[in-house]
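> Here you go, one structure.
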2 protein chains.
Amino acid sequence: MFDEVCPSGLTPIRFGDKWAGMIIRCLESGPRRFSELRIPLRGITPKVLTSSLRTLTRDGLITRTPGPAQRVEYALTPLGRSMLEPMNAACAWAQDHWEELLDARESST
Amino acid sequence: MFDEVCPSGLTPIRFGDKWAGMIIRCLESGPRRFSELRIPLRGITPKVLTSSLRTLTRDGLITRTPGPAQRVEYALTPLGRSMLEPMNAACAWAQDHWEELLDARESST
DNA sequence: GCAGGTGGTTACCACCTGGATACCGGCTAC
DNA sequence: GTAGCCGGTATCCAGGTGGTAACCACCTGC
C-alpha cells in the first residue's frame with residue numbers, strides 16, 4: 001500500500017494536504033487507531049499525522065473518539081466517505097492516463 | 001469568474017499548483033493567449049503564470065503554440081481536456097457538500 | 001524612430017509545509 | 001513500582017511555493 005512510485009506522487013491531483021488522501025483511504029474499510037495509521041503511512045512522523053488528522057477533523061471528514069485506556073479511534077464521517085467519490089474519479093483518471101503522463105514527463109526531459 | 005470566496009479556496013481538493021485548475025477552466029472554451037489569461041486570473045503575476053503554464057505544458061495538459069508577432073496561444077490537449085472529468089466530479093462534490101463544509105469549519109472555531 | 005503592447009525573465013523574499021529528533025504524561029501488565 | 005505502549009508535544013530546520021518589483025527583447029502602429 002502506498003508504493004514509493006505511487007501514482008499519487010505524480011498525478012497533479014491532491015486531496016487536502018500531503019497525507020489526507022491516504023488517510024481517508026486507510027479509513028475506508030473501518031476505523032483505525034493512531035498507531036495503526038502510522039504503519040501503512042510509512043515514514044509519517046507523529047507530528048504530521050496529528051496535524052493532518054486535526055485538519056480532517058476540523059473539516060468534518062473524520063471523527064476522533066477516545067476510547068478506554070488512551071485508545072483513540074479515527075473514523076470517516078458520512079461527509080468524509082462521500083469524498084471517496086471524487087477521489088475514485090481522480091484515481092480512475094490517473095490510471096487511465098498513466099502512460100500519457102509518464103510519456104509527457106519523459107519527452108520533456 | 002473565480003470569486004474571492006470561490007469554493008476552490010475552501011475545498012480540500014487541488015489540481016496541480018495553485019492556479020492550474022483555474023487555467024484549465026479558462027482554456028475549456030478554447031485557446032487563450034498569455035495576456036488573456038491574466039484577466040480572469042485576477043492578481044496572478046506573470047512569473048507565476050509562466051511557471052504554471054510551463055508545468056502544465058511539461059505534463060502534457062496544454063500546448064504552447066507561438067503565432068505571428070509574438071502572439072502565443074495556449075490550448076488544452078486531449079489529455080488536459082480529459083482532466084475536466086475528475087475536475088467536474090470534484091466541483092460537483094464541493095457544491096453538494098458546500099454547506100456541510102462551512103458548518104464544520106464554523107463549528108470548530 | 002519611438003511609444004506601447006506582448007510574453008516573458010531576474011532577483012529577492014516571506015511564508016507555509018513537511019520532516020527530524022527528542023521528549024512526555026497517562027495507563028496497563030507484570 | 002516500574003517497564004513499556006499509546007497518543008501525542010516541543011523544538012528546530014530545510015525546501016518549496018507564491019508574491020513583489022523591476023527589467024527586457026521583440027514586434028507593430030503611427
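As shown in the C-alpha cells, the chain order sets the letters A, B, ...; within each chain, residues go from 1, and ligands are also counted from 1 in the order they appear.
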Please check the contacts: residues of chain D at most 12 Å away from chain A, using only C-alpha atoms (C1' of nucleotides), listed as number ranges by chain.
D: 5-11
> Please produce an output containing C-alpha atoms (C1' of nucleotides) for each residue in the selection, written as a PDB file, in the first residue's frame.

ATOM      1  C1'  DC D   5       2.993   1.081  24.968  1.00  0.00           C
ATOM      2  C1'  DC D   6      -0.158   4.818  23.366  1.00  0.00           C
ATOM      3  C1'  DG D   7      -1.106   9.184  21.655  1.00  0.00           C
ATOM      4  C1'  DG D   8       0.673  12.622  21.282  1.00  0.00           C
ATOM      5  C1'  DT D   9       4.192  17.707  22.080  1.00  0.00           C
ATOM      6  C1'  DA D  10       8.192  20.769  21.622  1.00  0.00           C
ATOM      7  C1'  DT D  11      11.734  22.497  19.097  1.00  0.00           C
TER       8       DT D  11
END
> If you take only C-alpha atoms (C1' of nucleotides) and a cut-off of 9 Å, which residues of chain A touch chain C, and what are their nearest atom pairs and distances in Å to one decimal, in chain and number order, as CSV?

residue,atom,partner,partner_atom,distance
A:Asp17,CA,C:DT17,C1',8.6
A:Lys18,CA,C:DG18,C1',8.5
A:Ile44,CA,C:DG19,C1',8.5
A:Thr45,CA,C:DG19,C1',7.4
A:Val48,CA,C:DG18,C1',7.2
A:Ala69,CA,C:DC27,C1',6.0
A:Gln70,CA,C:DC27,C1',7.1
> Can you spit out the residues from that selection as a PDB file, in the first residue's frame, using C-alpha atoms?

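Output file out.pdb is given in full below:
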ATOM      1  CA  ASP A  17      -2.534  18.040   2.481  1.00  0.00           C
ATOM      2  CA  LYS A  18       0.109  15.535   1.528  1.00  0.00           C
ATOM      3  CA  ILE A  44       4.897   9.765   8.507  1.00  0.00           C
ATOM      4  CA  THR A  45       6.032  11.451  11.680  1.00  0.00           C
ATOM      5  CA  VAL A  48       2.490  15.486  10.819  1.00  0.00           C
ATOM      6  CA  ALA A  69      -7.273   3.370  28.075  1.00  0.00           C
ATOM      7  CA  GLN A  70      -5.918   6.075  25.869  1.00  0.00           C
TER       8      GLN A  70
END
> Near chain B, which residues of chain A fall within 6 Å when you count only C-alpha atoms, and what do they look like as JSON, numbers by chain?
{"A": [12, 13, 14, 15, 16, 58, 59, 60, 86, 89, 90, 104, 105, 108]}
> Give the alpha helix (DSSP H) residues of chain B, as assigned by DSSP on the backbone, as an MDAnalysis selection string.
chainID B and resid 7:10 20:27 34:38 46:58 78:82 84:96 98:107
> Please, what distance in Å, to one decimal, runs between CA of Ile62 in chain A and CA of Leu41 in chain A?
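Taking CA of Ile62 in chain A and CA of Leu41 in chain A, their separation equals 16.9 Å.
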> Which parts of chain A does DSSP call strand (DSSP E or B) when run on the backbone here, written out as a PDB file with C-alpha atoms, in the first residue's frame?

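Result file follows (selection_14.pdb):
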ATOM      1  CA  ILE A  13      -4.481  15.998  -8.156  1.00  0.00           C
ATOM      2  CA  ARG A  14      -4.363  16.301  -4.418  1.00  0.00           C
ATOM      3  CA  PHE A  15      -6.926  15.964  -1.681  1.00  0.00           C
ATOM      4  CA  ARG A  32      -8.298   2.892  12.808  1.00  0.00           C
ATOM      5  CA  ARG A  33      -6.184   3.974  15.725  1.00  0.00           C
ATOM      6  CA  ILE A  62     -13.312  12.233  10.122  1.00  0.00           C
ATOM      7  CA  THR A  63     -14.188  11.852  13.775  1.00  0.00           C
ATOM      8  CA  ARG A  64     -11.888  11.380  16.732  1.00  0.00           C
ATOM      9  CA  THR A  65     -13.366   9.272  19.506  1.00  0.00           C
ATOM     10  CA  PRO A  66     -11.276   8.451  22.566  1.00  0.00           C
ATOM     11  CA  VAL A  72      -8.302   6.754  20.180  1.00  0.00           C
ATOM     12  CA  GLU A  73     -10.264   5.778  17.116  1.00  0.00           C
ATOM     13  CA  TYR A  74     -10.453   7.742  13.925  1.00  0.00           C
ATOM     14  CA  ALA A  75     -13.295   7.064  11.529  1.00  0.00           C
ATOM     15  CA  LEU A  76     -14.777   8.557   8.393  1.00  0.00           C
TER      16      LEU A  76
END
> Quick one: residues within 8 Å of Met22 in chain B, only C-alpha atoms (C1' of nucleotides), excluding same-chain residues fewer than 3 positions away - as number ranges by chain?
B: 2, 19, 25-26, 41
